[in-house]
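Have a look at the structure below, then the notes.
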Amino acid sequence: MSHHHHHHEHPLSPAEGQRGIVLSIVFNLLFVGIEAFVGLVENSLSLLSDAGHNLSDVFSLVLVLVAFRLSKIHANGRFTYGYRKSTVLISLLNAIILLVAVGAIVIESIHKFYAPAPVNGEAVSWTAAVGIVINGLTALLLLKGQRNDINVRGAFLHMAADTLVSVGVVVSGLVITFTGWNAIDPIVSLIIAMVILFSTWGLLSASLRLSMDGMPEGIDLTRTVAEMKKVEGVMDVHHVHVWAISTTENALTAHVVISDIAVMEHTKQSLKSALKATGIGHSTLEFETSECNCPCHDCH
């Protein structure tokens with residue numbers, strides 16, 4: 001039985017990843033301030049709902065930063081994997097925050113339909129145009145890391161959705177400027193809510209699955225077992241369990257039946273290489289031989 005740890009699975013260096021997120025937090029806090037101020041002064045619900053949503057994005061970016069820090073804490077007697085699993089819980093919390101933001105926007109939009117208020121379309125458009133630039137820049141900063149970390153993907157999704165949302169707010173501002181149709185403001189707010197809900201759903205289901213030790217995204221159990229069986233000397237593989245240690249690291253335990261116990265060490269290294277290629281960096285393998293070569297009847 002052996003257990004090797006590989007700690008170099010991050011495609012982004014932690015410093016790079018954290019720098020991108022810190023910059024994103026600074027940009028977005030500045031924008032939230034501008035947006036909330038203009039939204040209050042000009043009485044625009046779409047701007048205020050966007051500011052509220054952007055504030056939840058800042059909070060989620062802070063949580064991603066916390067996840068980075070927690071994942072670096074070393075294992076101890078009580079937490080033998082360290083605090084890596086907290087990264088999964090943080091991505092789940094992020095998805096829940098987004099859902100709460102959607103609920104708040106929907107309630108406020110429905111209220112606005114019954115009590116419409118005049119809106120300065122030009123101010124709304126200019127402010128949202130700034131949002132397109134800031135959210136677009138932030139999404140680009142997070143683009144590299146989002147492919148391999150569900151937390152960074154969560155933050156990236158927030159920002160990509162926000163960029164689209166800002167486009168929607170610009171449109172509503174232009175419609176109000178040229179037609180005076182104020183009802184477009186809560187309509188755009190509802191569309192914003194739907195965009196956020198759509199982008200959050202995948203994050204929520206992936207986070208829930210990982211927090212329940214479900215199969216990590218991108219890992220196919222059938223393919224993984226097939227790759228293991230291709231390794232020379234492997235007769236069969238059973239009792240396979242795969243789970244996520246963190247949002248970027250996956251683990252596997254399995255019983256492996258081999259033809260010859262003499263080549264166990266070589267087979268083990270070949271299996272670990274094959275598993276790393278499928279995205280599993282931590283593997284614990286228990287070996288058995290297919291048949292008994294000794295006179296006794298109780299060996300395995």
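Identifiers in this document derive from the order of the structure tokens: chains are assigned A, B, ..., residues are numbered from 1 separately in each chain, and ligands are numbered from 1 in order of occurrence.
Taking range 161-238 of chain A and asking which residues DSSP calls strand (DSSP E) on the backbone, you get Val234, Met235, Asp236, Val237 and His238 of chain A.
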May I have the residues within 7 Å of range 43-50 of chain A as a PyMOL selection string, using only C-alpha atoms and disregarding those fewer than 3 positions away in the same chain?
chain A and resi 35-36+39-40+53-54+105+119+124+169+185-186+188-189
Dump of all heavy atoms for the selected residues, as a compact mmCIF listing (two decimals), in the first residue's frame:
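Final output, saved to selection-v7.txt:
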```
# COMPACT_ATOMS: atom_id res chain seq x y z
N GLU A 35 -21.03 52.91 -8.93
CA GLU A 35 -22.34 52.44 -9.38
C GLU A 35 -23.44 52.72 -8.35
O GLU A 35 -24.53 53.16 -8.68
CB GLU A 35 -22.26 50.93 -9.67
CG GLU A 35 -23.09 50.51 -10.82
CD GLU A 35 -22.91 49.05 -11.17
OE1 GLU A 35 -22.35 48.28 -10.39
OE2 GLU A 35 -23.35 48.69 -12.27
N ALA A 36 -23.12 52.44 -7.08
CA ALA A 36 -24.11 52.66 -6.02
C ALA A 36 -24.43 54.15 -5.90
O ALA A 36 -25.60 54.53 -5.75
CB ALA A 36 -23.57 52.12 -4.69
N GLY A 39 -26.47 55.18 -8.95
CA GLY A 39 -27.78 54.51 -8.84
C GLY A 39 -28.69 55.21 -7.86
O GLY A 39 -29.90 55.39 -8.11
N LEU A 40 -28.13 55.63 -6.72
CA LEU A 40 -28.93 56.32 -5.69
C LEU A 40 -29.33 57.72 -6.17
O LEU A 40 -30.48 58.12 -6.05
CB LEU A 40 -28.14 56.43 -4.37
CG LEU A 40 -28.03 55.14 -3.55
CD1 LEU A 40 -26.98 55.27 -2.47
CD2 LEU A 40 -29.38 54.77 -2.94
N HIS A 53 -25.00 43.23 -6.82
CA HIS A 53 -24.44 41.99 -7.36
C HIS A 53 -22.92 42.07 -7.43
O HIS A 53 -22.20 41.13 -7.09
CB HIS A 53 -25.06 41.72 -8.73
CG HIS A 53 -24.44 40.57 -9.43
ND1 HIS A 53 -24.15 40.59 -10.76
CD2 HIS A 53 -24.02 39.37 -8.97
CE1 HIS A 53 -23.59 39.43 -11.10
NE2 HIS A 53 -23.50 38.67 -10.02
N ASN A 54 -22.40 43.24 -7.85
CA ASN A 54 -20.94 43.42 -7.91
C ASN A 54 -20.31 43.34 -6.52
O ASN A 54 -19.19 42.86 -6.37
CB ASN A 54 -20.59 44.76 -8.56
CG ASN A 54 -20.60 44.66 -10.08
OD1 ASN A 54 -20.12 43.69 -10.63
ND2 ASN A 54 -21.17 45.65 -10.74
N ILE A 105 -32.84 40.85 -6.21
CA ILE A 105 -33.08 41.63 -7.44
C ILE A 105 -34.51 41.40 -7.95
O ILE A 105 -35.20 42.35 -8.34
CB ILE A 105 -32.04 41.26 -8.53
CG1 ILE A 105 -30.65 41.73 -8.12
CG2 ILE A 105 -32.42 41.88 -9.88
CD1 ILE A 105 -29.51 41.20 -9.01
N VAL A 119 -35.93 57.76 -14.39
CA VAL A 119 -34.51 57.38 -14.36
C VAL A 119 -33.75 58.22 -15.38
O VAL A 119 -34.24 58.48 -16.47
CB VAL A 119 -34.36 55.87 -14.72
CG1 VAL A 119 -32.90 55.47 -14.79
CG2 VAL A 119 -35.10 54.98 -13.73
N VAL A 124 -27.02 56.39 -16.36
CA VAL A 124 -27.03 54.93 -16.23
C VAL A 124 -26.11 54.30 -17.29
O VAL A 124 -25.29 53.43 -16.98
CB VAL A 124 -28.47 54.38 -16.35
CG1 VAL A 124 -28.49 52.87 -16.46
CG2 VAL A 124 -29.30 54.83 -15.15
N VAL A 169 -27.48 46.94 -19.03
CA VAL A 169 -27.78 48.22 -18.36
C VAL A 169 -27.55 49.39 -19.32
O VAL A 169 -28.32 50.35 -19.34
CB VAL A 169 -26.95 48.37 -17.05
CG1 VAL A 169 -27.20 49.73 -16.42
CG2 VAL A 169 -27.31 47.27 -16.06
N ASP A 185 -36.17 49.57 -17.01
CA ASP A 185 -35.22 49.43 -15.89
C ASP A 185 -35.47 48.14 -15.09
O ASP A 185 -34.57 47.30 -14.98
CB ASP A 185 -35.30 50.69 -15.00
CG ASP A 185 -34.18 50.75 -13.99
OD1 ASP A 185 -33.03 50.41 -14.35
OD2 ASP A 185 -34.44 51.11 -12.83
N PRO A 186 -36.70 47.93 -14.54
CA PRO A 186 -36.93 46.65 -13.84
C PRO A 186 -36.90 45.43 -14.77
O PRO A 186 -36.53 44.34 -14.34
CB PRO A 186 -38.30 46.82 -13.20
CG PRO A 186 -38.95 47.97 -13.87
CD PRO A 186 -37.85 48.85 -14.36
N VAL A 188 -34.85 44.99 -17.33
CA VAL A 188 -33.42 44.64 -17.44
C VAL A 188 -32.93 43.99 -16.14
O VAL A 188 -32.15 43.03 -16.17
CB VAL A 188 -32.57 45.88 -17.81
CG1 VAL A 188 -31.09 45.63 -17.60
CG2 VAL A 188 -32.81 46.26 -19.27
N SER A 189 -33.42 44.49 -14.99
CA SER A 189 -33.04 43.89 -13.70
C SER A 189 -33.43 42.42 -13.64
O SER A 189 -32.66 41.58 -13.16
CB SER A 189 -33.70 44.64 -12.54
OG SER A 189 -33.16 45.92 -12.42
```
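The two atoms in question, CA of Val152 in chain A and CA of Val130 in chain A, are spaced 23.0 Å apart.
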What's around Asn28 in chain A at 8 Å? Count only C-alpha atoms, leave out sequence neighbours fewer than 3 positions away in its own chain, and write the answer as a short mmCIF file (atom, residue, chain, number, x, y, z; two decimals) with N, CA, C and O atoms, in the first residue's frame.
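Final output, saved to out.cif:
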```
data_model
loop_
_atom_site.label_atom_id
_atom_site.label_comp_id
_atom_site.auth_asym_id
_atom_site.auth_seq_id
_atom_site.Cartn_x
_atom_site.Cartn_y
_atom_site.Cartn_z
N SER A 24 -8.50 42.23 -9.01
CA SER A 24 -9.93 42.17 -9.31
C SER A 24 -10.76 42.79 -8.18
O SER A 24 -11.73 43.49 -8.42
N ILE A 25 -10.37 42.50 -6.93
CA ILE A 25 -11.09 43.05 -5.76
C ILE A 25 -11.01 44.57 -5.76
O ILE A 25 -12.02 45.26 -5.58
N PHE A 31 -15.59 50.23 -8.55
CA PHE A 31 -16.77 50.29 -9.42
C PHE A 31 -18.07 50.22 -8.63
O PHE A 31 -19.02 50.93 -8.94
N VAL A 32 -18.10 49.38 -7.58
CA VAL A 32 -19.31 49.28 -6.73
C VAL A 32 -19.63 50.65 -6.14
O VAL A 32 -20.80 51.08 -6.13
N ASN A 54 -22.40 43.24 -7.85
CA ASN A 54 -20.94 43.42 -7.91
C ASN A 54 -20.31 43.34 -6.52
O ASN A 54 -19.19 42.86 -6.37
N LEU A 55 -21.06 43.82 -5.51
CA LEU A 55 -20.56 43.74 -4.14
C LEU A 55 -20.47 42.26 -3.71
O LEU A 55 -19.52 41.85 -3.05
N VAL A 58 -17.36 40.94 -5.14
CA VAL A 58 -16.18 41.31 -4.35
C VAL A 58 -16.03 40.34 -3.19
O VAL A 58 -14.95 39.83 -2.90
N ILE A 134 -14.39 47.37 -16.59
CA ILE A 134 -13.85 46.78 -15.35
C ILE A 134 -14.14 45.28 -15.26
O ILE A 134 -13.25 44.48 -14.97
N ASN A 135 -15.40 44.91 -15.52
CA ASN A 135 -15.74 43.48 -15.45
C ASN A 135 -15.02 42.67 -16.52
O ASN A 135 -14.59 41.54 -16.27
#
```
Per residue of range 50-73 of chain A within 7 Å of range 78-100 of chain A, note the shortest atom pair and the distance in Å to one decimal, counting only C-alpha atoms, and order the rows by chain and increasing residue number, as a Markdown table.
```
| residue | atom | partner | partner_atom | distance |
| --- | --- | --- | --- | --- |
| A:Ser56 | CA | A:Ile97 | CA | 6.9 |
| A:Ser60 | CA | A:Asn94 | CA | 5.6 |
| A:Leu63 | CA | A:Ile90 | CA | 6.5 |
| A:Ala67 | CA | A:Thr87 | CA | 4.8 |
| A:Leu70 | CA | A:Tyr83 | CA | 5.6 |
| A:Ser71 | CA | A:Arg84 | CA | 4.3 |
| A:Ile73 | CA | A:Gly82 | CA | 5.8 |
```
Go ahead and write the residues just picked, N, CA, C and O atoms, as a PDB file, in the first residue's frame.
```pdb
ATOM      1  N   SER A  56     -21.465  41.466  -4.120  1.00  0.00           N
ATOM      2  CA  SER A  56     -21.411  40.034  -3.805  1.00  0.00           C
ATOM      3  C   SER A  56     -20.237  39.376  -4.544  1.00  0.00           C
ATOM      4  O   SER A  56     -19.622  38.440  -4.036  1.00  0.00           O
ATOM      5  N   SER A  60     -17.187  37.323  -3.004  1.00  0.00           N
ATOM      6  CA  SER A  60     -16.806  35.992  -3.492  1.00  0.00           C
ATOM      7  C   SER A  60     -15.330  35.952  -3.881  1.00  0.00           C
ATOM      8  O   SER A  60     -14.657  34.942  -3.692  1.00  0.00           O
ATOM      9  N   LEU A  63     -13.470  35.536  -0.769  1.00  0.00           N
ATOM     10  CA  LEU A  63     -13.560  34.129  -0.351  1.00  0.00           C
ATOM     11  C   LEU A  63     -12.590  33.244  -1.137  1.00  0.00           C
ATOM     12  O   LEU A  63     -11.984  32.330  -0.579  1.00  0.00           O
ATOM     13  N   ALA A  67      -9.734  30.917   0.294  1.00  0.00           N
ATOM     14  CA  ALA A  67      -9.572  29.512  -0.100  1.00  0.00           C
ATOM     15  C   ALA A  67      -8.119  29.215  -0.481  1.00  0.00           C
ATOM     16  O   ALA A  67      -7.572  28.179  -0.104  1.00  0.00           O
ATOM     17  N   LEU A  70      -6.192  28.994   2.811  1.00  0.00           N
ATOM     18  CA  LEU A  70      -6.526  27.791   3.586  1.00  0.00           C
ATOM     19  C   LEU A  70      -5.931  26.533   2.956  1.00  0.00           C
ATOM     20  O   LEU A  70      -5.498  25.621   3.667  1.00  0.00           O
ATOM     21  N   SER A  71      -5.914  26.485   1.618  1.00  0.00           N
ATOM     22  CA  SER A  71      -5.413  25.280   0.941  1.00  0.00           C
ATOM     23  C   SER A  71      -3.908  25.097   1.164  1.00  0.00           C
ATOM     24  O   SER A  71      -3.374  24.018   0.943  1.00  0.00           O
ATOM     25  N   ILE A  73      -2.433  25.582   4.150  1.00  0.00           N
ATOM     26  CA  ILE A  73      -2.149  25.184   5.537  1.00  0.00           C
ATOM     27  C   ILE A  73      -1.813  23.694   5.569  1.00  0.00           C
ATOM     28  O   ILE A  73      -2.522  22.873   4.985  1.00  0.00           O
TER      29      ILE A  73
END
```
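Proximity ranking of A:Phe68, A:Phe287, A:Phe113, A:Phe178 relative to Val234 in chain A places A:Phe287 first, based on only C-alpha atoms.
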